[in-house]
Amino acid sequence: MASFAIFVDCLLSMIIYNNIEEVNLLHPVVTIGFFDGLHLGHSTIIDTVIKKSKKHNTPSLLITFWPHPRLVLGKDADKLRLLSTIEEKQQLIQSKGVDGMLTIDFTPEFAKISAHDFLSEILVKKLGASAIVLGYNHVFGHDGQGDFNLVKQHQAAFGYEATRVHPVSLNGINVSSTKIRKALKAGNLCLANEMLNRPYSIAGVIEGGKQIGRSIGFPTANISPANITKQIPANGVYAVLVDYEKKSYPAMLNIGVKPTIGDGLKRTIEAHIIGFNKNIYSQKINIRFIKKIREEQKFESLSALQAQLIADKKTVLRTLTHKNQLI
């Protein structure tokens, strides 16, 4: 079984700060946001920050928050699903070449800070921002009362440059984390991946199963997502890549209730890693969703299911080869 390299080690160095008092960057160009998923729109904002930092010969600093404000403020927190964990977000931001990332602990107390105080006391006095770059619809401060207009209004008095980044659109649709979540939930993986500009991914741990798949020649790895708030794509069968120990393997993955062999109630994520025969129970893996190949369906017998899985395997390998995922 051939294996496939997945990532080139990132040679870029980014300083990660978990406290405002730790930041020691001199007059940075700053941007603020949750940056869930780091999609095309976020990348445009970060590219603008880096361009300005190079122009003015100052460092770049991205400010984000954790946990998500909705989880802290109780705004439909039980319905919230995220595109990236804090670790994934750090890796994605580092790959963009940002000099520093500050993660602010979002607490009820922090949420009470007014927009003006956040701007004047934190961005200006504590961080000494030389420029502030915001997305077109970003709001900040208590009750989201701060926006680009507030930042622009005070730029002369506070001595920084204010820049607003316009939305990025695909086929007339503005890219946003909310739209990507909706696309994943609806099974539109193609749109989600286009907006992310990369395959959507989920990290998880392998758990034991009933091994029914093994009995028909398709052993599966049951995957438990590492973070319960991650957005799970819609039910169906997917062509995916499974990343394990710095290598990547082609796989066919099913999300759903296993109507042929299951109780039709419990939703699971199971992957058959093609040509892979190692025991990796309790091991960590990462799944990259390349394409949805069909809907989940119920078969009349195990033999009918087996026949479909044989066809699925061919489709998955053909799909991954066509998309240049297999070398």
# chains A, B, ... in the order shown; residues from 1 in each chain; ligands from 1
>>> residues_around(residues="Ser282 (chain A)", least_positions_apart="5", cutoff="9 Å", atoms="only C-alpha atoms", output="number ranges by chain")
A: 205-208
>>> select_by_dssp(residues="region 80-262 of chain A", states="strand (DSSP E)", output="count of residues only")
52
>>> closest_atom_pairs(of="region 232-295 of chain A", to="region 169-191 of chain A", cutoff="7 Å", atoms="only C-alpha atoms", output="CSV")
residue,atom,partner,partner_atom,distance
A:Pro233,CA,A:Leu184,CA,4.6
A:Ala234,CA,A:Gly187,CA,4.7
A:Lys291,CA,A:Leu189,CA,6.5
A:Lys292,CA,A:Leu189,CA,6.6
>>> select_by_dssp(residues="region 120-318 of chain A", states="helix (DSSP H, G or I)", output="number ranges by chain")
A: 120-126, 142-144, 148-153, 155-158, 177-186, 189-196, 212-215, 302-318
>>> atom_distance(atom1="CA of Pro59 (chain A)", atom2="CA of Glu87 (chain A)")
22.0 Å
